[in-house]
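Structure data (compact mmCIF, N, CA and C atoms and all ligand atoms) from entry_15.txt:
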# COMPACT_ATOMS: atom_id res chain seq x y z
N MET A 244 8.02 -81.14 -66.07
CA MET A 244 8.05 -82.15 -65.01
C MET A 244 6.82 -83.03 -65.13
N SER A 245 7.00 -84.31 -64.95
CA SER A 245 5.86 -85.23 -65.07
C SER A 245 4.95 -85.11 -63.86
N LEU A 246 3.75 -85.58 -64.04
CA LEU A 246 2.76 -85.54 -62.96
C LEU A 246 3.25 -86.33 -61.75
N LYS A 247 3.88 -87.43 -62.04
CA LYS A 247 4.40 -88.30 -61.00
C LYS A 247 5.49 -87.58 -60.19
N ALA A 248 6.35 -86.87 -60.90
CA ALA A 248 7.42 -86.13 -60.23
C ALA A 248 6.86 -85.02 -59.37
N ARG A 249 5.79 -84.40 -59.86
CA ARG A 249 5.15 -83.32 -59.08
C ARG A 249 4.49 -83.89 -57.83
N ALA A 250 3.89 -85.06 -57.97
CA ALA A 250 3.26 -85.72 -56.82
C ALA A 250 4.31 -86.07 -55.77
N GLN A 251 5.45 -86.53 -56.24
CA GLN A 251 6.54 -86.89 -55.34
C GLN A 251 7.03 -85.66 -54.59
N GLU A 252 7.13 -84.56 -55.31
CA GLU A 252 7.57 -83.31 -54.70
C GLU A 252 6.57 -82.85 -53.64
N LYS A 253 5.29 -82.99 -53.96
CA LYS A 253 4.23 -82.59 -53.04
C LYS A 253 4.30 -83.40 -51.74
N VAL A 254 4.49 -84.69 -51.88
CA VAL A 254 4.55 -85.57 -50.72
C VAL A 254 5.77 -85.24 -49.86
N GLU A 255 6.89 -85.02 -50.52
CA GLU A 255 8.12 -84.73 -49.77
C GLU A 255 8.03 -83.37 -49.08
N ARG A 256 7.34 -82.44 -49.71
CA ARG A 256 7.16 -81.12 -49.11
C ARG A 256 6.29 -81.22 -47.85
N ALA A 257 5.41 -82.23 -47.85
CA ALA A 257 4.56 -82.45 -46.68
C ALA A 257 5.30 -83.20 -45.57
N GLY A 258 6.55 -83.51 -45.82
CA GLY A 258 7.38 -84.15 -44.80
C GLY A 258 7.19 -85.65 -44.72
N ILE A 259 6.62 -86.23 -45.75
CA ILE A 259 6.38 -87.67 -45.76
C ILE A 259 7.48 -88.36 -46.56
N SER A 260 8.17 -89.28 -45.91
CA SER A 260 9.23 -89.99 -46.62
C SER A 260 8.88 -91.46 -46.82
N ASN A 261 7.84 -91.90 -46.11
CA ASN A 261 7.44 -93.29 -46.19
C ASN A 261 6.38 -93.49 -47.28
N TYR A 262 6.83 -93.52 -48.52
CA TYR A 262 5.91 -93.69 -49.64
C TYR A 262 6.64 -94.43 -50.75
N SER A 263 5.87 -94.92 -51.68
CA SER A 263 6.47 -95.55 -52.85
C SER A 263 5.50 -95.42 -54.02
N PHE A 264 5.98 -95.79 -55.17
CA PHE A 264 5.12 -95.73 -56.35
C PHE A 264 4.92 -97.12 -56.91
N ASP A 265 3.67 -97.42 -57.21
CA ASP A 265 3.34 -98.64 -57.92
C ASP A 265 2.86 -98.21 -59.30
N GLN A 266 3.77 -98.23 -60.23
CA GLN A 266 3.54 -97.64 -61.55
C GLN A 266 3.11 -96.18 -61.37
N ASP A 267 1.91 -95.81 -61.70
CA ASP A 267 1.50 -94.42 -61.56
C ASP A 267 0.64 -94.17 -60.34
N VAL A 268 0.62 -95.12 -59.43
CA VAL A 268 -0.17 -94.98 -58.21
C VAL A 268 0.78 -94.73 -57.04
N LEU A 269 0.44 -93.72 -56.25
CA LEU A 269 1.24 -93.42 -55.07
C LEU A 269 0.75 -94.27 -53.90
N VAL A 270 1.68 -94.96 -53.26
CA VAL A 270 1.33 -95.79 -52.12
C VAL A 270 1.92 -95.13 -50.87
N MET A 271 1.04 -94.80 -49.94
CA MET A 271 1.45 -94.05 -48.76
C MET A 271 0.66 -94.55 -47.56
N CYS A 272 1.36 -94.95 -46.51
CA CYS A 272 0.71 -95.42 -45.28
C CYS A 272 -0.32 -96.51 -45.56
N GLY A 273 -0.04 -97.37 -46.49
CA GLY A 273 -0.94 -98.48 -46.78
C GLY A 273 -2.12 -98.11 -47.66
N HIS A 274 -2.18 -96.85 -48.07
CA HIS A 274 -3.26 -96.42 -48.95
C HIS A 274 -2.69 -96.12 -50.34
N ARG A 275 -3.53 -96.31 -51.31
CA ARG A 275 -3.13 -96.03 -52.69
C ARG A 275 -3.83 -94.76 -53.16
N TYR A 276 -3.07 -93.90 -53.78
CA TYR A 276 -3.61 -92.63 -54.25
C TYR A 276 -3.40 -92.50 -55.75
N THR A 277 -4.48 -92.22 -56.43
CA THR A 277 -4.40 -91.96 -57.85
C THR A 277 -3.92 -90.52 -58.04
N ILE A 278 -2.96 -90.34 -58.91
CA ILE A 278 -2.41 -89.00 -59.16
C ILE A 278 -3.17 -88.36 -60.31
N GLU A 279 -3.73 -87.19 -60.03
CA GLU A 279 -4.52 -86.49 -61.04
C GLU A 279 -4.04 -85.06 -61.21
N VAL A 280 -4.31 -84.51 -62.36
CA VAL A 280 -4.03 -83.10 -62.59
C VAL A 280 -5.09 -82.29 -61.86
N CYS A 281 -4.67 -81.25 -61.13
CA CYS A 281 -5.61 -80.38 -60.45
C CYS A 281 -5.71 -79.08 -61.24
N GLU A 282 -6.93 -78.68 -61.51
CA GLU A 282 -7.14 -77.46 -62.28
C GLU A 282 -8.00 -76.48 -61.50
N CYS A 283 -7.83 -76.45 -60.18
CA CYS A 283 -8.66 -75.58 -59.36
C CYS A 283 -8.30 -74.11 -59.55
N GLY A 284 -7.06 -73.84 -59.95
CA GLY A 284 -6.65 -72.47 -60.22
C GLY A 284 -6.26 -71.67 -58.99
N GLU A 285 -6.19 -72.32 -57.83
CA GLU A 285 -5.75 -71.62 -56.62
C GLU A 285 -4.29 -71.20 -56.79
N PRO A 286 -3.94 -70.00 -56.30
CA PRO A 286 -2.58 -69.52 -56.48
C PRO A 286 -1.52 -70.44 -55.87
N GLU A 287 -1.86 -71.06 -54.76
CA GLU A 287 -0.86 -71.91 -54.10
C GLU A 287 -0.93 -73.35 -54.58
N CYS A 288 -1.77 -73.61 -55.55
CA CYS A 288 -1.94 -74.97 -56.04
C CYS A 288 -0.71 -75.41 -56.83
N ASP A 289 -0.30 -76.63 -56.58
CA ASP A 289 0.87 -77.16 -57.29
C ASP A 289 0.47 -77.97 -58.52
N GLY A 290 -0.83 -77.98 -58.81
CA GLY A 290 -1.28 -78.61 -60.05
C GLY A 290 -1.41 -80.12 -59.99
N VAL A 291 -1.28 -80.66 -58.80
CA VAL A 291 -1.42 -82.11 -58.68
C VAL A 291 -2.35 -82.43 -57.52
N ARG A 292 -3.15 -83.44 -57.71
CA ARG A 292 -4.13 -83.82 -56.71
C ARG A 292 -4.02 -85.32 -56.48
N LEU A 293 -4.07 -85.70 -55.21
CA LEU A 293 -4.00 -87.12 -54.88
C LEU A 293 -5.37 -87.60 -54.47
N ARG A 294 -5.92 -88.53 -55.21
CA ARG A 294 -7.23 -89.04 -54.88
C ARG A 294 -7.09 -90.42 -54.27
N LYS A 295 -7.64 -90.54 -53.08
CA LYS A 295 -7.53 -91.80 -52.36
C LYS A 295 -8.26 -92.90 -53.12
N ASN A 296 -7.52 -93.95 -53.37
CA ASN A 296 -8.09 -95.08 -54.07
C ASN A 296 -8.84 -95.96 -53.08
N ALA A 297 -10.06 -96.29 -53.40
CA ALA A 297 -10.91 -97.06 -52.47
C ALA A 297 -10.35 -98.45 -52.23
N THR A 298 -9.60 -98.95 -53.15
CA THR A 298 -9.08 -100.30 -53.02
C THR A 298 -7.73 -100.27 -52.31
N ALA A 299 -7.78 -100.37 -51.00
CA ALA A 299 -6.54 -100.40 -50.22
C ALA A 299 -5.87 -101.76 -50.41
N ILE A 300 -4.58 -101.77 -50.21
CA ILE A 300 -3.81 -102.99 -50.44
C ILE A 300 -4.33 -104.13 -49.55
N GLY A 301 -4.57 -103.83 -48.28
CA GLY A 301 -4.98 -104.86 -47.33
C GLY A 301 -6.31 -105.50 -47.69
N ARG A 302 -7.18 -104.71 -48.30
CA ARG A 302 -8.53 -105.22 -48.57
C ARG A 302 -8.55 -106.21 -49.73
N VAL A 303 -7.56 -106.14 -50.54
CA VAL A 303 -7.54 -107.04 -51.70
C VAL A 303 -7.48 -108.49 -51.25
N LEU A 304 -6.81 -108.70 -50.14
CA LEU A 304 -6.59 -110.06 -49.68
C LEU A 304 -7.75 -110.60 -48.85
N GLN A 305 -8.71 -109.77 -48.53
CA GLN A 305 -9.81 -110.23 -47.67
C GLN A 305 -10.84 -111.06 -48.44
ZN ZN B 1 -5.57 -77.32 -57.26
Could you quickly redo this structure as structure tokens?
Amino acid sequence: MSLKARAQEKVERAGISNYSFDQDVLVMCGHRYTIEVCECGEPECDGVRLRKNATAIGRVLQ
């Protein structure tokens, strides 16, 4: 499964349906999240980590 597909699964498991993808960036609630591989090794870890991108969509236009 691709990293993107795992991220999508993670978001849906969290009960969030209001999201979209901009290429490999997850866009959720007006924020952009970079999808990264997580290697923390926690048993419940799904191997994907969402890092909040500092450049929010709204700020680009300011
Ligand atoms: Zn992890």
(request) Can you tell me which residues come within 8 Å of ligand ZN 1 (chain B) when counting all atoms listed in the file, ideally as a list in words? (result)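 Sorted by chain and then by number, the residues are Val280, Cys281, Glu282, Cys283, Gly284, Glu285, Pro286, Glu287, Cys288, Asp289, Gly290, Val291 and Arg292 of chain A.
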(message) Residues near stretch 276-278 of chain A, anyone? I mean within 9 Å using only C-alpha atoms, not counting same-chain ones fewer than 6 positions away, as JSON, numbers by chain.
(response) {"A": [246, 247, 250, 267, 268, 269, 270, 291, 292, 293, 294, 295, 296, 297]}
(request) Write down as number ranges by chain the residues belonging to chain A that are assigned alpha helix (DSSP H) by DSSP computed on the backbone. (result) A: 246-256, 300-303
Take every atom of stretch 261-271 of chain A listed in the file, pad by 8 Å on each side, and give me the axis-aligned box centre and edge lengths in Å, one decimal, as lines of an AutoDock Vina configuration file.
center_x = 3.8
center_y = -95.3
center_z = -53.9
size_x = 24.0
size_y = 22.7
size_z = 31.6
(request) Please measure the separation of atom CA of A:Asn261 and atom N of A:Ser245, giving the value in Å to one decimal. (result) 20.8 Å
(message) Between atom N of A:Met271 and atom CA of A:Met244, what is the distance in Å, rounded to a tenth?
(response)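 Atom-to-atom, atom N of A:Met271 to atom CA of A:Met244, that is 20.9 Å.
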(request) Run DSSP on the backbone and grab whatever in chain A lands in strand (DSSP E or B); send it over as a list in words. (result)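 Listing strand (DSSP E or B) positions across chain A yields Tyr262, Ser263, Phe264, Asp265, Val268, Leu269, Val270, Met271, His274, Arg275, Tyr276, Thr277, Ile278, Glu279, Val280, Val291, Arg292, Leu293, Arg294 and Lys295 of chain A.
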(request) Between atom CA of A:Ile259 and atom CA of A:Cys272, measure the distance and give it in Å to one decimal. (result) 9.6 Å
